[in-house]
Each structure stands twice: as C-alpha cells, then as structure tokens.
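Working notes for the structure below.
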Amino acid sequence: MRMLAHQTRYELLTFVRNRQGPFFTVALPVIFLVIFVGVFGNNRVGPEHVKASTYYVPGIAALAILSAAFANLAISITAQRELGILKRRRATPVSASVLVAARALSALAIGVVVMAVVIAIGSLAYGVHLNSSALPAVALAAVIGSLAFACLGYALSTAISAADAAQPVVLATTLPLYFISGVFIPSVRLPSFLAHVAEVFPVQHLVVAIRAGLAPGAHASSVAWGDLGVIAAWGAVGLALALARFSWEPRAATT
Amino acid sequence: MASGLRCRYGANEAVRGIDLEIASGEIFALLGPNGAGKTSTIEILEGLRTRSDGDVRVLGVDPDRGDAHWRSRIGVVLQASQPEPELSVAECVSLYAGYYPRPRDVDETLALVGLGGLAARRCERLSGGERRRLDVALALIGDPELVFLDEPTTGFDPAARRAAWELFLGLRELGKTVLLTTHYMEEAECVADRIAVLSRGAIVASGTPQSLGARESMDVEISFTLPAGITLEELPASLAASTPNRDRMVRVRAEDPVSPLFSLTRWAIERDVALADLEVRRPSLEDVYLELTAAAEARA
C-alpha cells in the first residue's frame, strides 16, 4: 500500500512535468468545450431539445477521461517501455502489480480532476444543472470508465512498436470514435449505420453514462448500468489482451 | 555462480555453456566483442532473461525464482536504459529509494557517484556520462550486495571513462561484489580482479589481468629500428637471426630479455650508433585478447 502511494505520487509528478501530457489531457478538453459551445451553443439538440451548451458538457467530460486514461497512458507507457524505464524498474523489488496499478490510479486521478473542471465550467458558465444526489452516478461512470480505458490503454500500448508511433495510433483510434459517439457531433445527426457502429464501441456508452447523471432531473438512481456494463466488458477484453501481450522490454531492442 | 549456462534465441545460441564462479567482494569483468553473449549472460544472472539450460545461483538463489527480497540485494545498470526524463536527479533516486526496504541516503549516494551538484537537474538534460552516473546511483540506492554493470562506459570520452573507473574501484571499498561487462580491455585490466574473455557465447580464457592467456609466461619482445647503413650481419650474434620488416624494424623475442638487451646496447655504444624506437615490452592484455578472440572466431 505504501509502495502504491509512493509510485502513484511519482507518476503524477511525471505527468505534471511532461511537455505534452498536461496540454493534451487538461487544456485540450477545456478548449474543445469552449469552442463547441461557442459555435453551436444556441442550437437545440435532439428530441428533448436540450441546449447544445449543456449537451456538450458530458461528451467533453468523457473525452477528458479518455485523454487521461487511454491516450496519455498508452503514449507514456510506450515511451517508458522504449526508453528501458519499465525494464529498469523490473530489476528492483517493486512488484509489477504496484507499477501497473499506480499508473492506472494516476490516470484515474487526472481524468477525474479534468472531468470535474469541465463539469464545473459547464455548471458555472453554461447553465448545466447539477443535481447533487446524482453526482455519485457521474463519479461511478468516471471510475469505471477510467479503469476500463486504462486497461484498453495498456492493451493498445502492446500494439505500438515505437515511441514515435504512439501519438498517431492513439489519434487514429480515438478521433473517429469522438466523431461518431456524440462527443463532437450530436448522435441524432448521424446516419443510422454510423450510430449503430458507435454503439459497439465503449466511447458512446461512457458519454451516455455521464450524461445520465448530468441530465435535468437526474437523481441517485440515474446510473446507466447497461452502458457501464458494456464499458466494463471492453475493459475486461483490454485487460486480457494486456496480460497476454504486455512486455517490459523495449521492442526496438538493440542486441 | 553459473555452470553450463546456455541461452538460445530460436536457432541462434547466444550463450553456449558458460561456467562462472564469482567470489564475494570481488570485481569480475566479462570481456568480449559485441555479440559475444555478454548482455545475455548478465541479464540471465539479473533475472531479466530466462536461460534455456544450465544451473545458476546468484546470492544462493535461482534468478528465475528471485523474489522481491532477492532483488533488493542486487543492483543493476542495464546496457540501455534512460532515467525518468521528467524527474530531477534527486527525485529519480528518491523514487527508486522507495522500492527498497533499507535504502541508502539519497544525497550521500549522489555525492558518491559525483552528481552531488546536479541533484536538481532534470534527468533529460544530463549528458551521457552524467546519465550513466545516475544509473549507477540507482543501482546503489538499495544498498545491494551485488552490482551488475552492463557496458557502463560505452560511448564515454577517455576522461569520463577514467572517472567511471574510479567510481567502480570505489565500489570495492564499499564491500560490493561487482560483475562488469565491457569490450574495452583497458577497462577490465584497470578495474577487475578477475577477467573472463567471452567470444561467440563461450569463455575462451579467464584469470587475473596479469595471468590472462598465460601472459606472465609469454616471451618479451625487444624491438628497434635498424640504423641506416648497417646490415643485419653486423648486429651481435644473438640478434642477427631475426629479420627486419619493410620499415627496418627488428623484433627479437626472448624468455629473459636481459642478456640480448645487454649485448645489443653494448654493441650500440661501442659502434656509437643510435637505436631509434628501442622498446622492450611484454604482450599487452590487448594483444592477448585480440589473439584469443581471433582464435575463437577461426574455430567457429
């Protein structure tokens, strides 16, 4: 436990010091929120005619979770593997489970903080109604989403062979899903086949689960169990893939 | 420490049966050219690589079964690893200190490796030599009994290499056992108590730096340039048998050089001729090493 806290503290320090991590993970979601609300803010969305400003908050909150737990984790784990940092740590007494769990915990902490900032901006500036009794439902979605996407991030890192390739691979997997999963474009505007494609993947389910807790009239039991189940199932697949393929050794190894 | 150690990658056998015994408190060098199997061997001993055959005991434990307690007793400098780029030197060492049950003091360890003044510098801004010193600090922070150094000075300039040797010799004073791999003969000669020469996955010679390859009993060579206008026949009889090369360099081998050297210098003084480039030398470790590895290559 002491070792887990120690490692998590240094993971967070490493994240804060990194040149790209804080921009892509903290600043970018806030910038997206401001831009999308600025452009589409007065429109009404969907059958319930929700104001676009309130519509975008849960989508960008989901993007914040993905940036921290999936994108940032996959990129940093690949870089650490290729620099030999993972292998170096394996030669110390620290256990593999502590290293893996600490990185997932740090991703969870970063994701939750950025999501809280996005929701706070939504509440203060864009009139998103926060119902305190429904906040545990939002928090639950954030925790399950973070852990599942951390597993998927670990799984994705095993498919990336060089540190340079991590950023493009992450963008290629996340950007299309952001477009079809109701993060950038309201789902109701999509052709139905794209909407069906989006239903297969976990991003849309995370958006729906967060939106359930932020919707007007949300309450303590506004937990989207079905969506959380899909996310958890993806997480389990990611975990299985990561366990089967994870490597501490640099891929582009010399000798 | 190891007997009959083998390591196979597919059809390529990188380590083909190695026997090693390293005593506590000694500095042992595995010397060999690139691709000789040094890193495979050391990583098997570190528990980072699985052997295909053989018995290995490191600190009494099979490295494949080494637990956290065992890993707390060894320190490792990998051939290629970077310290955490985002952390400062002191933070990086503190991170690793947290992994060990009884770590050394961080500031004291940084001072020991000569990074005392750079504690606040970001790891990514260190020079190659400073990075390697930090690697050594990370290997020492857990206060291990046994330290593995895999090609710790590759890519160093000569001054940085000398400084690193001082550091390694200092480890002996701390009572550490050290296993070092290197492809620099000089490094093995300067630092190690004992050396094993590795070539194509097998040990071709081992011993102290003085005795390696029976160097102690090898003939001494006297060499000089034949003065202009003097033919071989005019030399003292004990030297006349040799043949000069194109540059008129005469080489004479003798078990005991005193007598031929005396007749040569007396002859030179009597005839009042200068002996340019006069040299008396025992074969260097480098000569022995090159001979040994060339012989192993030829056999393969």
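Labels used: A, B, ... for chains in the order of the structure tokens, numbers from 1 for residues in each chain, and numbers from 1 for ligands as shown.
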
Shell of 9 Å around Val208 in chain A, only C-alpha atoms, local chain residues under 3 positions omitted, as a PyMOL selection string: chain A and resi 58-59+182+203-205+211-213+224+227

Residues within 6 Å of range 86-96 of chain A, please, as a PyMOL selection string. Count only C-alpha atoms; anything in the same chain fewer than 6 positions from it doesn't count. (chain A and resi 80+248-249) or (chain B and resi 68+71-72+99)

Could you write out that same residue set with N, CA and C atoms as a JSON list (two decimals), in the first residue's frame?
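The result, written out as out_2.json:
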```
[["chain", "number", "residue", "atom", "x", "y", "z"],
["A", 80, "GLN", "N", 7.94, 4.87, -22.04],
["A", 80, "GLN", "CA", 8.74, 4.33, -20.93],
["A", 80, "GLN", "C", 9.29, 2.95, -21.26],
["A", 248, "TRP", "N", 7.88, -5.80, -20.85],
["A", 248, "TRP", "CA", 8.69, -4.81, -20.13],
["A", 248, "TRP", "C", 9.88, -4.39, -20.96],
["A", 249, "GLU", "N", 10.19, -5.18, -21.98],
["A", 249, "GLU", "CA", 11.40, -4.95, -22.78],
["A", 249, "GLU", "C", 11.11, -3.97, -23.90],
["B", 68, "ALA", "N", 11.12, -10.41, -4.40],
["B", 68, "ALA", "CA", 11.42, -9.00, -4.09],
["B", 68, "ALA", "C", 12.62, -8.90, -3.15],
["B", 71, "ARG", "N", 15.71, -9.39, -5.14],
["B", 71, "ARG", "CA", 16.00, -8.22, -5.99],
["B", 71, "ARG", "C", 16.49, -7.03, -5.16],
["B", 72, "SER", "N", 16.11, -6.99, -3.86],
["B", 72, "SER", "CA", 16.60, -5.89, -3.03],
["B", 72, "SER", "C", 18.08, -6.05, -2.71],
["B", 99, "TYR", "N", 11.59, 1.89, -3.47],
["B", 99, "TYR", "CA", 11.36, 0.49, -3.84],
["B", 99, "TYR", "C", 12.04, -0.48, -2.87]]
```

Which one is closest to Ala150 in chain A: A:Ala69, A:Ala165, A:Val112, A:Met3? Count only C-alpha atoms.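 Among A:Ala69, A:Ala165, A:Val112, A:Met3, it is A:Ala69 that comes nearest to Ala150 in chain A.
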
Proximity check chain B to chain A, 7 Å, nearest pairs one decimal Å, only C-alpha atoms, as a Markdown table:
```
| residue | atom | partner | partner_atom | distance |
| --- | --- | --- | --- | --- |
| B:Ala68 | CA | A:Pro93 | CA | 4.2 |
| B:His69 | CA | A:Pro93 | CA | 6.7 |
| B:Arg71 | CA | A:Pro93 | CA | 5.1 |
| B:Ser72 | CA | A:Pro93 | CA | 5.4 |
| B:Val76 | CA | A:Ala91 | CA | 6.7 |
| B:Ala80 | CA | A:Gly84 | CA | 6.6 |
| B:Ser81 | CA | A:Gly84 | CA | 4.3 |
| B:Gln82 | CA | A:Leu83 | CA | 5.5 |
| B:Pro83 | CA | A:Ile85 | CA | 6.6 |
| B:Glu84 | CA | A:Ile85 | CA | 6.9 |
| B:Glu86 | CA | A:Thr14 | CA | 5.5 |
| B:Leu87 | CA | A:Thr14 | CA | 6.3 |
| B:Leu95 | CA | A:Tyr10 | CA | 6.9 |
| B:Gly98 | CA | A:His6 | CA | 6.9 |
| B:Tyr99 | CA | A:Val94 | CA | 5.3 |
| B:Tyr100 | CA | A:Pro93 | CA | 6.4 |
```

Figure out the distance between CA of Val191 in chain B and CA of Pro209 in chain B, please, to one decimal in Å.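 Distance between the two atoms: 9.4 Å.
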
Residues at most 6 Å from range 193-206 of chain B, counting only C-alpha atoms, excluding those fewer than 2 positions away in the same chain, as JSON, numbers by chain? {"B": [14, 15, 16, 18, 27, 28, 29, 30, 31, 32, 36, 37, 208, 212, 293]}

Give me, please, the distance in Å between CA of Ala120 in chain B and CA of Ala159 in chain B, quoted to one decimal.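 Separation between CA of Ala120 in chain B and CA of Ala159 in chain B: 24.2 Å.
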
Within 7 Å of range 183-188 of chain A, counting only C-alpha atoms, which residues show up once you throw out same-chain ones fewer than 6 positions away? Write them as a PyMOL selection string, please. chain A and resi 46+56+59-60+195

Taking the backbone alone, and naming residues the way the document does, which bits of range 40-151 of chain A are strand (DSSP E) by DSSP, as a list in words?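 Across range 40-151 of chain A, those assigned strand (DSSP E) are Arg44, Val45, Val50 and Lys51 of chain A.
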
Output file for the residues above (C-alpha atoms, as a PDB file, in the first residue's frame):
```
ATOM      1  CA  ARG A  44     -31.204  22.815 -29.640  1.00  0.00           C
ATOM      2  CA  VAL A  45     -30.275  19.164 -29.823  1.00  0.00           C
ATOM      3  CA  VAL A  50     -31.500  20.233 -24.902  1.00  0.00           C
ATOM      4  CA  LYS A  51     -29.415  23.379 -25.306  1.00  0.00           C
TER       5      LYS A  51
END
```

Test item, alpha helix (DSSP H) assignment across range 134-292 of chain B, answer as a CSV table (one decimal) with C-alpha atoms, in the first residue's frame:
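So out27.csv came out as:
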```csv
chain,number,residue,atom,x,y,z
B,134,LEU,CA,22.8,8.3,-12.3
B,135,ASP,CA,22.3,4.7,-13.5
B,136,VAL,CA,25.0,3.7,-11.0
B,137,ALA,CA,23.3,5.7,-8.2
B,138,LEU,CA,20.0,3.9,-9.0
B,139,ALA,CA,21.9,0.6,-8.8
B,140,LEU,CA,23.4,1.5,-5.4
B,158,PRO,CA,38.5,8.9,-22.2
B,159,ALA,CA,38.3,11.4,-19.3
B,160,ALA,CA,34.8,10.3,-18.4
B,161,ARG,CA,35.9,6.6,-18.7
B,162,ARG,CA,38.7,7.2,-16.2
B,163,ALA,CA,36.4,8.9,-13.8
B,164,ALA,CA,33.9,6.0,-14.1
B,165,TRP,CA,36.7,3.5,-13.3
B,166,GLU,CA,37.5,5.4,-10.1
B,167,LEU,CA,33.8,5.1,-9.2
B,168,PHE,CA,33.8,1.3,-9.8
B,169,LEU,CA,37.0,0.8,-7.8
B,170,GLY,CA,35.2,2.7,-5.0
B,171,LEU,CA,32.5,0.1,-5.0
B,172,ARG,CA,35.1,-2.4,-3.8
B,173,GLU,CA,35.8,-0.2,-0.8
B,185,MET,CA,40.5,-4.4,-22.5
B,186,GLU,CA,41.8,-1.4,-20.7
B,187,GLU,CA,38.7,-1.2,-18.5
B,188,ALA,CA,38.9,-4.8,-17.5
B,189,GLU,CA,42.6,-4.5,-16.8
B,190,CYS,CA,42.2,-1.4,-14.7
B,191,VAL,CA,39.1,-2.3,-12.7
B,237,ALA,CA,75.2,-12.8,-33.0
B,238,SER,CA,72.3,-13.3,-30.5
B,239,LEU,CA,70.2,-10.8,-32.5
B,240,ALA,CA,71.3,-11.5,-36.1
B,258,VAL,CA,68.4,-9.1,-20.0
B,259,SER,CA,71.2,-10.8,-21.9
B,260,PRO,CA,70.2,-9.9,-25.5
B,261,LEU,CA,69.4,-6.4,-24.4
B,262,PHE,CA,72.9,-6.1,-22.9
B,263,SER,CA,74.7,-7.3,-26.0
B,264,LEU,CA,72.6,-5.0,-28.1
B,265,THR,CA,73.2,-1.9,-26.1
B,266,ARG,CA,76.9,-2.7,-25.6
B,267,TRP,CA,77.2,-3.1,-29.4
B,268,ALA,CA,75.5,0.2,-30.0
B,269,ILE,CA,77.7,2.1,-27.5
B,270,GLU,CA,80.9,0.5,-28.9
B,271,ARG,CA,79.9,1.3,-32.5
B,285,LEU,CA,46.3,-7.6,-22.5
B,286,GLU,CA,45.0,-6.2,-25.8
B,287,ASP,CA,47.4,-8.4,-27.8
B,288,VAL,CA,46.3,-11.4,-25.8
B,289,TYR,CA,42.6,-10.5,-26.1
B,290,LEU,CA,42.8,-10.0,-29.8
B,291,GLU,CA,44.7,-13.3,-30.3
B,292,LEU,CA,42.1,-15.2,-28.1
```

Write out as a PDB file with N, CA and C atoms, in the first residue's frame which residues come within 10 Å of Ala159 in chain A when counting only C-alpha atoms, dropping same-chain ones fewer than 5 positions away.
```
ATOM      1  N   ALA A  74      -1.445   5.212 -22.826  1.00  0.00           N
ATOM      2  CA  ALA A  74      -0.841   4.387 -23.886  1.00  0.00           C
ATOM      3  C   ALA A  74       0.450   5.031 -24.394  1.00  0.00           C
ATOM      4  N   THR A  78       4.211   3.406 -23.666  1.00  0.00           N
ATOM      5  CA  THR A  78       5.048   3.032 -24.812  1.00  0.00           C
ATOM      6  C   THR A  78       6.402   3.722 -24.715  1.00  0.00           C
ATOM      7  N   TYR A 154      -3.390   0.101 -21.850  1.00  0.00           N
ATOM      8  CA  TYR A 154      -2.305  -0.880 -21.726  1.00  0.00           C
ATOM      9  C   TYR A 154      -2.320  -1.835 -22.925  1.00  0.00           C
ATOM     10  N   ALA A 166       3.232   6.194 -31.175  1.00  0.00           N
ATOM     11  CA  ALA A 166       2.162   6.150 -30.178  1.00  0.00           C
ATOM     12  C   ALA A 166       1.100   7.227 -30.419  1.00  0.00           C
ATOM     13  N   VAL A 169      -1.138   6.546 -33.525  1.00  0.00           N
ATOM     14  CA  VAL A 169      -2.016   5.386 -33.321  1.00  0.00           C
ATOM     15  C   VAL A 169      -3.159   5.747 -32.382  1.00  0.00           C
ATOM     16  N   LEU A 241      -6.084  -8.814 -23.110  1.00  0.00           N
ATOM     17  CA  LEU A 241      -5.078  -8.581 -24.156  1.00  0.00           C
ATOM     18  C   LEU A 241      -3.769  -8.073 -23.555  1.00  0.00           C
ATOM     19  N   ALA A 242      -3.893  -7.133 -22.601  1.00  0.00           N
ATOM     20  CA  ALA A 242      -2.691  -6.549 -21.987  1.00  0.00           C
ATOM     21  C   ALA A 242      -1.915  -7.621 -21.238  1.00  0.00           C
ATOM     22  N   ARG A 245      -0.091  -9.872 -23.752  1.00  0.00           N
ATOM     23  CA  ARG A 245       0.901  -9.329 -24.684  1.00  0.00           C
ATOM     24  C   ARG A 245       1.860  -8.316 -24.073  1.00  0.00           C
ATOM     25  N   PHE A 246       1.643  -7.932 -22.802  1.00  0.00           N
ATOM     26  CA  PHE A 246       2.443  -6.850 -22.236  1.00  0.00           C
ATOM     27  C   PHE A 246       3.923  -7.235 -22.163  1.00  0.00           C
TER      28      PHE A 246
END
```

Spatial neighbours of Arg104 in chain B, 8 Å, only C-alpha atoms, chain gap at least 5 places, as a PyMOL selection string: chain B and resi 97+109+140-143

Residues from the last selection, C-alpha atoms, saved as a PDB file, in the first residue's frame:
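Output file part_28.pdb follows:
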```pdb
ATOM      1  CA  ALA B  97      14.847   4.518  -2.926  1.00  0.00           C
ATOM      2  CA  THR B 109      24.636   8.324  -2.873  1.00  0.00           C
ATOM      3  CA  LEU B 140      23.382   1.518  -5.431  1.00  0.00           C
ATOM      4  CA  ILE B 141      20.423   3.218  -3.740  1.00  0.00           C
ATOM      5  CA  GLY B 142      19.056  -0.062  -2.364  1.00  0.00           C
ATOM      6  CA  ASP B 143      22.457  -0.788  -0.756  1.00  0.00           C
TER       7      ASP B 143
END
```

Which neighbours of range 23-32 of chain A fall inside 8 Å, counting only C-alpha atoms, when residues of the same chain fewer than 2 positions from it are skipped, and could you give them as a PyMOL selection string? chain A and resi 19-21+34-36+60-61+63-64+67-68+72+114+118

Filtering to N, CA and C atoms, could you give me those residues as a short mmCIF file (atom, residue, chain, number, x, y, z; two decimals), in the first residue's frame?
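Contents of again.cif, as written:
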```
data_model
loop_
_atom_site.label_atom_id
_atom_site.label_comp_id
_atom_site.auth_asym_id
_atom_site.auth_seq_id
_atom_site.Cartn_x
_atom_site.Cartn_y
_atom_site.Cartn_z
N ARG A 19 5.93 17.49 -21.16
CA ARG A 19 5.65 18.65 -22.01
C ARG A 19 4.27 18.54 -22.66
N GLN A 20 3.91 17.33 -23.12
CA GLN A 20 2.67 17.21 -23.87
C GLN A 20 1.48 16.81 -23.02
N GLY A 21 1.71 15.97 -22.01
CA GLY A 21 0.63 15.40 -21.22
C GLY A 21 -0.38 16.44 -20.75
N VAL A 34 -15.05 24.99 -24.90
CA VAL A 34 -15.30 26.41 -25.18
C VAL A 34 -15.61 26.61 -26.67
N ILE A 35 -14.87 25.93 -27.54
CA ILE A 35 -15.09 26.10 -28.98
C ILE A 35 -16.46 25.56 -29.40
N PHE A 36 -16.77 24.32 -28.99
CA PHE A 36 -18.03 23.72 -29.43
C PHE A 36 -19.24 24.50 -28.92
N ILE A 60 -17.63 16.13 -23.58
CA ILE A 60 -16.25 16.57 -23.34
C ILE A 60 -15.73 15.98 -22.03
N ALA A 61 -16.62 15.75 -21.07
CA ALA A 61 -16.20 15.09 -19.83
C ALA A 61 -15.69 13.68 -20.14
N LEU A 63 -14.46 12.77 -23.00
CA LEU A 63 -13.18 12.96 -23.71
C LEU A 63 -12.04 13.16 -22.71
N ALA A 64 -12.34 13.87 -21.61
CA ALA A 64 -11.31 14.09 -20.58
C ALA A 64 -10.86 12.77 -19.98
N SER A 67 -8.74 10.93 -22.58
CA SER A 67 -7.42 11.53 -22.76
C SER A 67 -6.47 11.08 -21.67
N ALA A 68 -6.97 11.08 -20.42
CA ALA A 68 -6.09 10.74 -19.29
C ALA A 68 -5.84 9.24 -19.22
N ASN A 72 -3.20 9.30 -22.93
CA ASN A 72 -1.96 9.64 -22.21
C ASN A 72 -1.27 8.40 -21.67
N VAL A 114 -9.84 16.50 -14.35
CA VAL A 114 -10.15 17.26 -15.58
C VAL A 114 -11.65 17.23 -15.84
N VAL A 118 -14.24 20.36 -16.26
CA VAL A 118 -15.16 20.51 -17.40
C VAL A 118 -16.60 20.68 -16.90
#
```

For the atom pair CA of Cys92 in chain B and CA of Asp105 in chain B, what is the interatomic distance in Å to one decimal place? 13.2 Å
